[in-house]
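So this one's protein_13.cif, mmCIF, C-alpha atoms (C1' of nucleotides):
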```
data_work
#
loop_
_atom_site.label_atom_id
_atom_site.label_comp_id
_atom_site.auth_asym_id
_atom_site.auth_seq_id
_atom_site.Cartn_x
_atom_site.Cartn_y
_atom_site.Cartn_z
CA MET Y 289 140.35 -52.06 58.62
CA VAL Y 290 141.99 -55.28 57.54
CA ASP Y 291 145.31 -53.57 58.23
CA LEU Y 292 144.51 -54.15 61.88
CA LEU Y 293 144.82 -57.90 61.33
CA ARG Y 294 147.99 -57.46 59.34
CA SER Y 295 149.71 -55.47 62.08
CA HIS Y 296 148.29 -57.82 64.72
CA ILE Y 297 150.00 -60.77 63.03
CA GLN Y 298 153.13 -58.78 62.27
CA LYS Y 299 153.58 -58.09 65.98
CA ARG Y 300 154.33 -61.78 66.47
CA VAL Y 301 155.71 -63.19 63.21
CA ASN Y 302 157.23 -61.67 60.12
CA ILE Y 303 154.88 -62.15 57.24
CA SER Y 304 155.17 -61.12 53.58
CA ASP Y 305 152.49 -59.32 51.59
CA GLU Y 306 151.97 -62.50 49.63
CA GLU Y 307 151.59 -64.65 52.74
CA PHE Y 308 149.20 -62.22 54.32
CA ALA Y 309 147.13 -62.12 51.16
CA ARG Y 310 146.85 -65.90 51.30
CA CYS Y 311 145.83 -65.81 54.97
CA ARG Y 312 143.29 -63.14 54.30
CA THR Y 313 141.32 -65.39 51.95
CA PHE Y 314 140.41 -67.74 54.80
CA PHE Y 315 138.58 -65.09 56.82
CA SER Y 316 135.07 -63.85 56.32
CA HIS Y 317 133.39 -60.72 57.62
CA LYS Y 318 130.69 -60.58 60.25
CA LYS Y 319 128.79 -57.56 61.51
CA LEU Y 320 126.95 -57.69 64.81
CA ARG Y 321 124.54 -55.16 66.17
CA LYS Y 322 124.55 -54.26 69.84
CA LYS Y 323 123.02 -57.08 71.94
CA GLN Y 324 123.15 -59.50 69.02
CA TYR Y 325 124.32 -63.02 69.88
CA TRP Y 326 127.28 -64.59 68.15
CA LEU Y 327 127.13 -67.78 70.22
CA GLN Y 328 124.44 -69.23 72.46
CA GLU Y 329 124.60 -72.01 75.01
CA GLY Y 330 124.07 -75.35 73.30
CA ASP Y 331 125.49 -74.21 69.97
CA VAL Y 332 128.85 -75.44 68.80
CA CYS Y 333 131.35 -72.60 68.49
CA ARG Y 334 132.44 -73.18 64.90
CA SER Y 335 134.74 -70.19 64.51
CA ILE Y 336 137.00 -67.74 66.25
CA GLY Y 337 136.58 -64.03 65.72
CA PHE Y 338 139.09 -61.23 65.45
CA VAL Y 339 137.57 -57.93 66.53
CA LEU Y 340 138.04 -55.12 64.02
CA LYS Y 341 135.63 -52.76 65.74
CA GLY Y 342 133.35 -52.84 68.74
CA CYS Y 343 133.18 -54.82 71.94
CA LEU Y 344 131.92 -58.31 72.78
CA ARG Y 345 131.62 -60.38 75.89
CA ASN Y 346 131.86 -64.09 76.56
CA TYR Y 347 129.87 -65.29 79.57
CA THR Y 348 128.12 -68.14 81.31
CA VAL Y 349 124.69 -68.11 82.91
CA ASP Y 350 124.37 -70.08 86.16
CA ALA Y 351 121.39 -71.93 87.62
CA LYS Y 352 120.10 -68.72 89.23
CA GLY Y 353 120.21 -66.93 85.90
CA GLU Y 354 123.22 -64.82 86.88
CA GLU Y 355 125.71 -63.92 84.16
CA HIS Y 356 129.43 -64.35 84.73
CA ILE Y 357 131.73 -62.67 82.23
CA ILE Y 358 134.74 -64.78 81.32
CA GLN Y 359 136.18 -62.39 78.79
CA PHE Y 360 135.73 -59.05 77.10
CA ALA Y 361 136.97 -58.55 73.56
CA ILE Y 362 137.64 -55.21 71.89
CA GLU Y 363 139.61 -54.17 68.82
CA ASP Y 364 142.71 -56.29 68.18
CA TRP Y 365 141.48 -59.16 70.41
CA TRP Y 366 140.15 -62.57 69.59
CA VAL Y 367 136.92 -64.02 70.90
CA SER Y 368 135.55 -67.56 71.01
CA ASP Y 369 134.61 -70.39 73.29
CA ILE Y 370 137.88 -72.09 72.64
CA TYR Y 371 136.82 -75.34 74.28
CA SER Y 372 133.77 -75.80 72.10
CA PHE Y 373 135.73 -74.62 69.07
CA LEU Y 374 138.47 -77.18 69.59
CA SER Y 375 136.37 -80.10 70.77
CA GLY Y 376 133.34 -79.57 68.56
CA THR Y 377 131.06 -80.08 71.57
CA PRO Y 378 128.12 -77.79 72.41
CA SER Y 379 129.10 -74.66 74.27
CA LYS Y 380 128.06 -73.73 77.78
CA GLU Y 381 128.79 -70.11 77.09
CA PHE Y 382 127.24 -67.12 75.37
CA ILE Y 383 128.93 -64.49 73.24
CA ASP Y 384 127.18 -61.27 72.34
CA ALA Y 385 127.98 -57.72 71.33
CA LEU Y 386 128.06 -54.86 73.85
CA GLU Y 387 128.45 -52.41 70.95
CA ASP Y 388 127.85 -52.61 67.21
CA SER Y 389 130.82 -54.71 66.15
CA ASP Y 390 132.77 -55.85 63.14
CA LEU Y 391 134.59 -59.21 63.14
CA LEU Y 392 136.93 -61.17 60.94
CA VAL Y 393 135.82 -64.76 61.31
CA LEU Y 394 137.82 -67.93 60.90
CA ASP Y 395 136.08 -71.27 61.08
CA ARG Y 396 137.74 -74.50 62.07
CA SER Y 397 138.36 -75.90 58.59
CA SER Y 398 139.55 -72.52 57.33
CA ARG Y 399 142.00 -72.30 60.16
CA ASP Y 400 143.34 -75.77 59.47
CA ALA Y 401 143.59 -74.97 55.77
CA MET Y 402 145.37 -71.74 56.57
CA LEU Y 403 147.87 -73.52 58.78
CA ASP Y 404 148.66 -75.84 55.88
CA ALA Y 405 148.82 -73.03 53.34
CA VAL Y 406 150.91 -70.69 55.50
CA PRO Y 407 152.93 -72.78 57.97
CA LYS Y 408 154.29 -69.66 59.59
CA MET Y 409 150.84 -69.13 61.10
CA GLU Y 410 151.38 -72.19 63.24
CA ARG Y 411 153.93 -70.15 65.14
CA PHE Y 412 151.66 -67.13 65.21
CA PHE Y 413 148.92 -69.09 66.94
CA ARG Y 414 151.36 -70.62 69.36
CA LEU Y 415 152.58 -67.16 70.35
CA LEU Y 416 149.03 -65.86 70.58
CA LEU Y 417 148.07 -68.73 72.84
CA GLU Y 418 151.10 -68.17 75.02
CA ALA Y 419 150.14 -64.55 75.58
CA ASN Y 420 146.57 -65.59 76.29
CA LEU Y 421 147.62 -68.22 78.77
CA VAL Y 422 149.84 -65.75 80.61
CA ALA Y 423 146.98 -63.28 80.92
CA THR Y 424 144.53 -65.95 82.05
CA ARG Y 425 146.94 -67.29 84.68
CA ARG Y 426 147.35 -63.74 85.98
CA ARG Y 427 143.62 -63.54 86.38
CA VAL Y 428 143.56 -66.80 88.32
CA ALA Y 429 146.33 -65.55 90.60
CA SER Y 430 144.40 -62.35 91.21
CA LEU Y 431 141.14 -64.21 91.91
CA ILE Y 432 142.69 -66.51 94.52
CA SER Y 433 144.91 -63.84 96.12
CA ASP Y 434 143.31 -60.42 96.01
CA SER Y 435 140.28 -58.70 97.53
CA ALA Y 436 137.52 -57.44 95.26
CA GLU Y 437 138.77 -53.89 95.83
CA GLN Y 438 142.27 -54.82 94.72
CA ARG Y 439 140.94 -56.65 91.68
CA TYR Y 440 138.95 -53.58 90.70
CA LEU Y 441 142.00 -51.34 91.02
CA ASP Y 442 144.02 -53.79 88.93
CA PHE Y 443 141.29 -53.82 86.33
CA LEU Y 444 141.37 -50.04 86.09
CA LYS Y 445 145.11 -50.17 85.56
CA SER Y 446 145.09 -53.08 83.11
CA TYR Y 447 142.14 -52.03 80.97
CA PRO Y 448 141.65 -48.27 81.32
CA ASN Y 449 140.00 -48.15 77.89
CA LEU Y 450 137.44 -50.81 78.81
CA VAL Y 451 136.23 -48.95 81.89
CA GLU Y 452 135.02 -46.11 79.72
CA ARG Y 453 133.18 -48.36 77.29
CA VAL Y 454 131.63 -51.06 79.45
CA PRO Y 455 128.81 -50.58 82.02
CA LEU Y 456 129.88 -51.05 85.64
CA ASN Y 457 127.59 -54.00 86.21
CA GLN Y 458 129.46 -55.83 83.45
CA ILE Y 459 132.79 -55.08 85.08
CA ALA Y 460 131.43 -56.35 88.40
CA SER Y 461 130.47 -59.58 86.70
CA PHE Y 462 133.96 -59.89 85.22
CA LEU Y 463 135.47 -59.35 88.67
CA GLY Y 464 133.23 -62.00 90.20
CA ILE Y 465 131.17 -59.67 92.44
CA THR Y 466 127.71 -58.08 92.36
CA PRO Y 467 127.12 -54.60 90.92
CA GLN Y 468 126.06 -53.48 94.41
CA SER Y 469 129.37 -54.58 95.88
CA LEU Y 470 131.29 -52.76 93.17
CA SER Y 471 129.24 -49.65 93.82
CA ARG Y 472 130.10 -49.86 97.51
CA ILE Y 473 133.78 -50.38 96.74
CA ARG Y 474 133.80 -47.34 94.47
CA LYS Y 475 132.17 -45.27 97.19
CA GLU Y 476 134.73 -46.33 99.77
CA LEU Y 477 137.58 -45.60 97.38
CA SER Y 478 136.28 -42.12 96.66
CA GLU Y 479 135.89 -41.40 100.38
CA LYS Y 480 139.41 -42.55 101.20
CA ARG Y 481 141.37 -40.76 98.50
CA MET H 1 160.52 -93.30 82.17
CA VAL H 2 161.24 -91.32 79.06
CA ASP H 3 158.45 -93.32 77.43
CA LEU H 4 156.11 -91.05 79.38
CA LEU H 5 157.28 -88.09 77.32
CA ARG H 6 157.00 -90.05 74.11
CA SER H 7 153.41 -91.04 74.75
CA HIS H 8 152.63 -87.54 76.01
CA ILE H 9 153.73 -86.09 72.67
CA GLN H 10 152.14 -88.89 70.70
CA LYS H 11 148.77 -88.04 72.19
CA ARG H 12 148.83 -84.78 70.22
CA VAL H 13 151.01 -85.26 67.14
CA ASN H 14 152.29 -88.25 65.25
CA ILE H 15 156.01 -88.50 65.71
CA SER H 16 158.53 -91.02 64.35
CA ASP H 17 161.17 -92.79 66.42
CA GLU H 18 163.77 -90.72 64.66
CA GLU H 19 162.01 -87.43 65.37
CA PHE H 20 161.50 -88.31 69.00
CA ALA H 21 165.15 -89.23 69.35
CA ARG H 22 166.07 -85.81 68.02
CA CYS H 23 163.67 -84.11 70.45
CA ARG H 24 164.99 -86.11 73.31
CA THR H 25 168.49 -84.67 72.95
CA PHE H 26 167.27 -81.19 73.88
CA PHE H 27 166.03 -82.23 77.32
CA SER H 28 168.08 -82.68 80.45
CA HIS H 29 167.21 -84.49 83.69
CA LYS H 30 166.58 -82.87 87.02
CA LYS H 31 165.89 -84.51 90.34
CA LEU H 32 164.29 -82.57 93.18
CA ARG H 33 163.92 -83.64 96.78
CA LYS H 34 160.77 -82.86 98.71
CA LYS H 35 160.61 -79.14 99.63
CA GLN H 36 163.44 -78.29 97.26
CA TYR H 37 162.96 -75.14 95.19
CA TRP H 38 163.10 -75.18 91.43
CA LEU H 39 162.27 -71.48 91.05
CA GLN H 40 162.31 -68.64 93.56
CA GLU H 41 160.85 -65.16 93.32
CA GLY H 42 163.31 -62.84 91.62
CA ASP H 43 164.91 -65.58 89.54
CA VAL H 44 164.27 -65.79 85.84
CA CYS H 45 162.47 -68.99 84.90
CA ARG H 46 164.88 -70.27 82.26
CA SER H 47 163.23 -73.60 81.53
CA ILE H 48 160.01 -75.53 81.48
CA GLY H 49 159.77 -78.91 83.18
CA PHE H 50 157.93 -82.07 82.22
CA VAL H 51 157.13 -84.14 85.31
CA LEU H 52 158.20 -87.78 85.05
CA LYS H 53 157.60 -88.53 88.70
CA GLY H 54 156.47 -86.66 91.79
CA CYS H 55 154.47 -83.53 92.45
CA LEU H 56 155.34 -79.84 92.33
CA ARG H 57 153.50 -76.62 93.02
CA ASN H 58 153.72 -73.15 91.54
CA TYR H 59 152.68 -70.36 93.89
CA THR H 60 152.95 -66.71 94.84
CA VAL H 61 153.54 -65.24 98.28
CA ASP H 62 151.58 -62.08 99.07
CA ALA H 63 152.49 -59.12 101.28
CA LYS H 64 151.17 -60.94 104.36
CA GLY H 65 153.34 -63.96 103.64
CA GLU H 66 150.40 -66.09 102.55
CA GLU H 67 150.98 -68.63 99.78
CA HIS H 68 148.58 -68.89 96.83
CA ILE H 69 148.91 -71.95 94.64
CA ILE H 70 148.49 -71.19 90.96
CA GLN H 71 149.14 -74.72 89.73
CA PHE H 72 149.94 -78.25 90.79
CA ALA H 73 151.98 -80.47 88.50
CA ILE H 74 152.17 -84.26 88.67
CA GLU H 75 153.26 -86.94 86.23
CA ASP H 76 152.57 -86.09 82.59
CA TRP H 77 152.14 -82.34 83.30
CA TRP H 78 154.37 -79.37 82.57
CA VAL H 79 155.46 -76.80 85.11
CA SER H 80 156.95 -73.33 84.74
CA ASP H 81 156.32 -69.66 85.27
CA ILE H 82 155.43 -69.25 81.66
CA TYR H 83 155.48 -65.45 81.82
CA SER H 84 159.01 -65.26 83.16
CA PHE H 85 160.08 -68.03 80.79
CA LEU H 86 158.77 -66.22 77.73
CA SER H 87 159.66 -62.68 78.68
CA GLY H 88 162.98 -63.36 80.40
CA THR H 89 161.95 -61.10 83.28
CA PRO H 90 162.36 -62.05 86.96
CA SER H 91 159.58 -64.22 88.29
CA LYS H 92 157.14 -63.29 91.02
CA GLU H 93 156.42 -66.95 91.67
CA PHE H 94 157.93 -69.91 93.44
CA ILE H 95 158.08 -73.50 92.29
CA ASP H 96 159.01 -76.29 94.68
CA ALA H 97 158.52 -80.01 95.11
CA LEU H 98 155.78 -81.46 97.32
CA GLU H 99 157.30 -84.92 96.82
CA ASP H 100 160.66 -86.19 95.63
CA SER H 101 160.40 -85.52 91.92
CA ASP H 102 161.99 -86.24 88.59
CA LEU H 103 161.79 -83.75 85.71
CA LEU H 104 162.71 -83.51 82.07
CA VAL H 105 163.89 -79.96 81.60
CA LEU H 106 163.88 -77.83 78.47
CA ASP H 107 165.47 -74.40 78.52
CA ARG H 108 164.53 -71.59 76.23
CA SER H 109 167.31 -71.96 73.67
CA SER H 110 166.86 -75.73 73.62
CA ARG H 111 163.20 -75.32 72.97
CA ASP H 112 163.81 -72.90 70.12
CA ALA H 113 166.45 -75.23 68.67
CA MET H 114 164.07 -78.14 68.99
CA LEU H 115 161.33 -76.25 67.16
CA ASP H 116 163.77 -75.63 64.31
CA ALA H 117 165.05 -79.20 64.30
CA VAL H 118 161.60 -80.82 64.54
CA PRO H 119 159.03 -78.42 63.09
CA LYS H 120 156.24 -80.79 64.02
CA MET H 121 156.81 -79.80 67.64
CA GLU H 122 155.53 -76.34 66.83
CA ARG H 123 152.13 -77.93 66.46
CA PHE H 124 152.59 -80.01 69.57
CA PHE H 125 153.20 -76.91 71.67
CA ARG H 126 150.27 -75.13 70.10
CA LEU H 127 147.99 -78.02 71.01
CA LEU H 128 149.45 -78.23 74.50
CA LEU H 129 148.86 -74.52 75.01
CA GLU H 130 145.32 -74.81 73.74
CA ALA H 131 144.54 -77.51 76.29
CA ASN H 132 146.17 -75.46 79.01
CA LEU H 133 144.25 -72.35 78.09
CA VAL H 134 140.97 -74.26 78.14
CA ALA H 135 141.70 -75.59 81.62
CA THR H 136 142.78 -72.20 82.93
CA ARG H 137 139.68 -70.49 81.55
CA ARG H 138 137.57 -73.13 83.27
CA ARG H 139 139.24 -72.26 86.51
CA VAL H 140 138.51 -68.57 86.01
CA ALA H 141 134.87 -69.36 85.28
CA SER H 142 134.68 -71.43 88.45
CA LEU H 143 136.34 -68.73 90.57
CA ILE H 144 133.96 -65.99 89.45
CA SER H 145 130.83 -68.16 89.49
CA ASP H 146 130.98 -70.82 92.18
CA SER H 147 131.03 -70.95 95.97
CA ALA H 148 134.05 -72.38 97.75
CA GLU H 149 132.07 -75.54 98.48
CA GLN H 150 131.25 -76.01 94.80
CA ARG H 151 134.87 -75.38 93.80
CA TYR H 152 136.00 -78.02 96.28
CA LEU H 153 133.53 -80.57 94.92
CA ASP H 154 134.66 -79.78 91.38
CA PHE H 155 138.26 -80.21 92.45
CA LEU H 156 137.50 -83.64 93.88
CA LYS H 157 135.90 -84.62 90.60
CA SER H 158 138.58 -83.13 88.35
CA TYR H 159 141.67 -84.25 90.25
CA PRO H 160 140.75 -87.27 92.37
CA ASN H 161 144.37 -88.45 92.31
CA LEU H 162 145.68 -85.14 93.62
CA VAL H 163 143.43 -85.18 96.67
CA GLU H 164 145.16 -88.28 97.93
CA ARG H 165 148.65 -86.93 97.44
CA VAL H 166 148.43 -83.28 98.44
CA PRO H 167 147.78 -81.95 101.97
CA LEU H 168 144.42 -80.27 102.45
CA ASN H 169 145.95 -76.91 103.32
CA GLN H 170 147.56 -76.90 99.87
CA ILE H 171 144.25 -77.65 98.22
CA ALA H 172 142.64 -74.82 100.17
CA SER H 173 145.31 -72.48 98.86
CA PHE H 174 144.65 -73.67 95.31
CA LEU H 175 140.92 -73.03 95.77
CA GLY H 176 141.55 -69.53 97.10
CA ILE H 177 140.34 -70.12 100.68
CA THR H 178 141.93 -70.76 104.09
CA PRO H 179 142.57 -74.27 105.44
CA GLN H 180 140.08 -73.54 108.23
CA SER H 181 137.37 -72.72 105.73
CA LEU H 182 138.04 -75.89 103.80
CA SER H 183 137.86 -77.86 107.02
CA ARG H 184 134.50 -76.29 107.81
CA ILE H 185 133.23 -77.05 104.32
CA ARG H 186 134.28 -80.67 104.64
CA LYS H 187 132.51 -80.93 107.96
CA GLU H 188 129.29 -79.50 106.55
CA LEU H 189 129.47 -81.83 103.57
CA SER H 190 129.92 -84.87 105.79
CA GLU H 191 126.99 -83.82 107.99
CA LYS H 192 124.69 -83.32 105.04
CA ARG H 193 125.34 -86.47 103.05
"C1'" DC M 123 105.96 -35.69 75.51
"C1'" DT M 124 105.41 -39.72 78.15
"C1'" DT M 125 106.72 -44.13 79.24
"C1'" DT M 126 109.80 -47.73 79.79
"C1'" DC M 127 114.21 -49.69 80.36
"C1'" DC M 128 118.87 -49.60 81.72
"C1'" DT M 129 122.28 -48.33 84.82
"C1'" DG M 130 124.15 -46.94 89.11
"C1'" DT M 131 123.45 -45.98 93.96
"C1'" DT M 132 122.20 -46.68 98.75
"C1'" DA M 133 120.55 -49.15 102.86
"C1'" DC M 134 119.50 -53.03 105.77
"C1'" DC M 135 120.10 -57.51 106.95
"C1'" DA M 136 122.04 -62.31 105.91
"C1'" DT M 137 125.78 -65.30 105.04
"C1'" DA M 138 130.17 -67.09 103.53
"C1'" DC M 139 134.57 -66.80 104.50
"C1'" DG M 140 138.67 -64.87 107.25
"C1'" DT M 141 141.16 -64.34 111.73
"C1'" DT M 142 142.79 -65.78 115.90
"C1'" DA M 143 143.49 -69.16 119.15
"C1'" DA M 144 143.65 -73.67 120.95
"C1'" DG M 145 144.02 -78.68 121.02
"C1'" DG M 146 144.87 -83.32 119.10
"C1'" DC M 147 147.01 -86.67 116.13
"C1'" DC M 148 150.72 -88.61 113.83
"C1'" DA M 149 155.34 -88.96 111.86
"C1'" DT M 150 159.97 -87.67 112.44
"C1'" DT M 151 163.83 -86.34 115.12
"C1'" DT M 152 166.62 -86.29 119.26
"C1'" DA F 92 160.80 -92.20 125.59
"C1'" DA F 93 160.39 -87.50 124.87
"C1'" DA F 94 160.23 -83.60 122.03
"C1'" DT F 95 159.26 -81.32 117.82
"C1'" DG F 96 156.85 -79.94 113.78
"C1'" DG F 97 153.34 -80.59 110.21
"C1'" DC F 98 148.66 -81.17 109.52
"C1'" DC F 99 143.78 -81.11 110.53
"C1'" DT F 100 140.00 -79.69 113.21
"C1'" DT F 101 137.02 -76.79 116.09
"C1'" DA F 102 135.12 -72.60 118.02
"C1'" DA F 103 134.09 -67.65 118.74
"C1'" DC F 104 134.14 -63.55 116.67
"C1'" DG F 105 135.09 -60.09 112.76
"C1'" DT F 106 134.55 -58.53 108.04
"C1'" DA F 107 133.72 -58.58 103.15
"C1'" DT F 108 130.50 -59.63 100.05
"C1'" DG F 109 125.70 -61.28 98.77
"C1'" DG F 110 120.49 -60.67 98.69
"C1'" DT F 111 116.62 -57.88 98.60
"C1'" DA F 112 114.46 -53.72 97.96
"C1'" DA F 113 113.85 -49.08 96.78
"C1'" DC F 114 114.99 -44.91 94.26
"C1'" DA F 115 116.96 -41.71 90.77
"C1'" DG F 116 118.88 -40.06 86.43
"C1'" DG F 117 119.33 -40.64 81.67
"C1'" DA F 118 118.72 -42.98 77.38
"C1'" DA F 119 115.74 -45.28 74.35
"C1'" DA F 120 111.24 -46.37 72.77
"C1'" DG F 121 106.58 -45.42 71.90
#
```

Exercise: express the given structure as structure tokens:
Amino acid sequence: MVDLLRSHIQKRVNISDEEFARCRTFFSHKKLRKKQYWLQEGDVCRSIGFVLKGCLRNYTVDAKGEEHIIQFAIEDWWVSDIYSFLSGTPSKEFIDALEDSDLLVLDRSSRDAMLDAVPKMERFFRLLLEANLVATRRRVASLISDSAEQRYLDFLKSYPNLVERVPLNQIASFLGITPQSLSRIRKELSEKR
Amino acid sequence: MVDLLRSHIQKRVNISDEEFARCRTFFSHKKLRKKQYWLQEGDVCRSIGFVLKGCLRNYTVDAKGEEHIIQFAIEDWWVSDIYSFLSGTPSKEFIDALEDSDLLVLDRSSRDAMLDAVPKMERFFRLLLEANLVATRRRVASLISDSAEQRYLDFLKSYPNLVERVPLNQIASFLGITPQSLSRIRKELSEKR
DNA sequence: CTTTCCTGTTACCATACGTTAAGGCCATTT
DNA sequence: AAATGGCCTTAACGTATGGTAACAGGAAAG
């Protein structure tokens, strides 16, 4: 299981067994059952989580009580409210588990200690953030440029594995539309092709 | 002018005169006249730019020829197609100047050399990326949650200086709506309040 | 086994935003 | 002075998506 983290890091920086062993000591384990919260609005997000198993979502709830999914996280992804984590201010987001999940958790002081203990990880996090920023910018471009139908088709292409695991109403929320609209879009697509 | 870069870096990491002087050698200057391109679709984005003066925009052009602004950049901000820059693949974006502008430019090999020469800059870029990611995630949250009117009001609050410098049709494009819609929204707002 | 909840679908109407077209204002060019 | 082009606005109409409501199938809970 922990091998997943090792290969995740190795994808970006070369790390020795000894260095990885040192890194490993800064993480702790966390199990979440389906529907269990990891972060609730008003809490400070004190750690970032690396998903070993399962699926989580990061979302806001607006004044009408509607949920808006900012991010999904499955195996090999990280999850957190990065703003609250970095600033130490209370979060406006929720994080909970869509499936029984298994995380490796790194709190703020552990991360800082790790960066001191294994300087190479500084580069790892930079590269991770770069990849994240690229993906998030893509999503912005898609949201300001594309129709809901196009965004759904892109989602199918980009995350084929997620479609099978996540309920459609959750995907609609991620796309920024209602479940009813997504249902209509799916109907039209199936009629056309 | 270069002091702007110094204080920009200093905001995130402590850097000595000597270290800054070393950093400085990796940058080159670039002047752009209004409407001049810095990046065109199909080109590889070989450098990132730090804006000393002026205003630039980063945008895509869709199949209908419509422009969609992904990012504005004014003084003290960075501009690039980070995906093309990192991957070395041809860009699908344009970058041009909305005003006569003055950039400090860092190409890929210079950046890598700088990171070797001044390891502290590794942390600087990590922190810069973190801030960028936070802002971009905010924008995603706003695009999937808020009405165009709300997004416009948020824009006014977040970037009051930009509103005065950038034409309204450009702001509409940034918000993901047409100039006509923005005009209508402004009218309704002025009638209400 | 029955009940309840969760998910997905459909339909009807409402609304926000897009499209097309036109006109006016102002700065720049000729 | 006249002409041009960029920018903003307005209006009438079209379309995509939202809101509300109802229903059905399947999973989960009792």

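By all atoms listed in the file, and with residues fewer than 5 positions from Phe85 of chain H along its chain excluded, the set lying at most 8 Å from it is Val44, Cys45, Arg46, Ser47, Ile48, Ser80 and Arg108 of chain H.
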
With C-alpha atoms retained, could you export that selection as a short mmCIF file (atom, residue, chain, number, x, y, z; two decimals), in the frame of the given file?
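Result file is part-v2.cif:
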```cif
data_model
loop_
_atom_site.label_atom_id
_atom_site.label_comp_id
_atom_site.auth_asym_id
_atom_site.auth_seq_id
_atom_site.Cartn_x
_atom_site.Cartn_y
_atom_site.Cartn_z
CA VAL H 44 164.27 -65.79 85.84
CA CYS H 45 162.47 -68.99 84.90
CA ARG H 46 164.88 -70.27 82.26
CA SER H 47 163.23 -73.60 81.53
CA ILE H 48 160.01 -75.53 81.48
CA SER H 80 156.95 -73.33 84.74
CA ARG H 108 164.53 -71.59 76.23
#
```

Evaluate the PyMOL selection byres ((chain M) within 8 of (chain Y)) and record the selected residues as a PyMOL selection string, following the chain and residue labels used in the document.
chain M and resi 129-131

Enter the distance from atom CA of Glu188 of chain H to atom C1' of DA102 of chain F, in Å, rounded to one decimal.
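For atom CA of Glu188 of chain H relative to atom C1' of DA102 of chain F, the distance reads 14.6 Å.
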
Which distance in Å separates atom CA of Lys408 of chain Y and atom CA of Glu122 of chain H, to one decimal?
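Going from atom CA of Lys408 of chain Y over to atom CA of Glu122 of chain H, I get 9.9 Å.
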
Residues in the PyMOL selection byres ((chain Y and resi 317) around 8), expressed as a list in words:
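Expected selection for the PyMOL selection byres ((chain Y and resi 317) around 8) here is Phe315, Ser316, Lys318, Lys319, Asp390, Leu391, Leu392 and Val393 of chain Y.
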
May I ask you to extract the residues of chain F within 10 Å of chain H, using only C-alpha atoms (C1' of nucleotides), and to give them as a compact mmCIF listing (two decimals) with C-alpha atoms (C1' of nucleotides), in the coordinates of the input?
```txt
# COMPACT_ATOMS: atom_id res chain seq x y z
C1' DC F 98 148.66 -81.17 109.52
C1' DC F 99 143.78 -81.11 110.53
C1' DT F 100 140.00 -79.69 113.21
C1' DT F 101 137.02 -76.79 116.09
```

Any idea what the distance is between atom CA of Lys323 of chain Y and atom C1' of DG117 of chain F?
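Taking atom CA of Lys323 of chain Y as the start and atom C1' of DG117 of chain F as the end point, the length is 19.5 Å.
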
Could you check which residues have any atom within 8 Å of (116.4, -48.5, 96.0), counting all atoms listed in the file with coordinates taken straight from the file, and then list them as a CSV table (one decimal) with C-alpha atoms (C1' of nucleotides), in the coordinates of the input?
```
chain,number,residue,atom,x,y,z
M,131,DT,C1',123.4,-46.0,94.0
M,132,DT,C1',122.2,-46.7,98.8
F,112,DA,C1',114.5,-53.7,98.0
F,113,DA,C1',113.8,-49.1,96.8
F,114,DC,C1',115.0,-44.9,94.3
```

Would you mind listing what lies within 9 Å of segment 148-156 of chain H as a ChimeraX atom specification, with only C-alpha atoms (C1' of nucleotides) counted and same-chain residues fewer than 2 positions away left out?
/H:142-143,146,158-163,171-172,175-177,181-182,185-186,189 /M:138-139

Applied to the shown file, which residues does the PyMOL selection byres ((chain F and resi 96) around 10) return, written as an MDAnalysis selection string?
(chainID M and resid 149:151) or (chainID F and resid 94:95 97:98)

Draw an axis-aligned box tight on the listed atoms of segment 112-123 of chain H, then pad every side by 4 Å and write out centre and edge lengths in Å to one decimal as AutoDock Vina command-line options.
```
--center_x 159.3 --center_y -76.9 --center_z 66.6 --size_x 22.3 --size_y 15.9 --size_z 15.0
```

Calculated over only C-alpha atoms (C1' of nucleotides), which of the candidates M:DC128, M:DA143, M:DA133, M:DC148 has the smallest distance to DG116 of chain F?
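When distances to DG116 of chain F are compared using only C-alpha atoms (C1' of nucleotides), the smallest one comes from M:DC128.
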
Residues near DA119 of chain F, anyone? I mean within 12 Å using only C-alpha atoms (C1' of nucleotides), not counting same-chain ones fewer than 5 positions away, as a VMD selection string.
chain M and resid 125 to 128
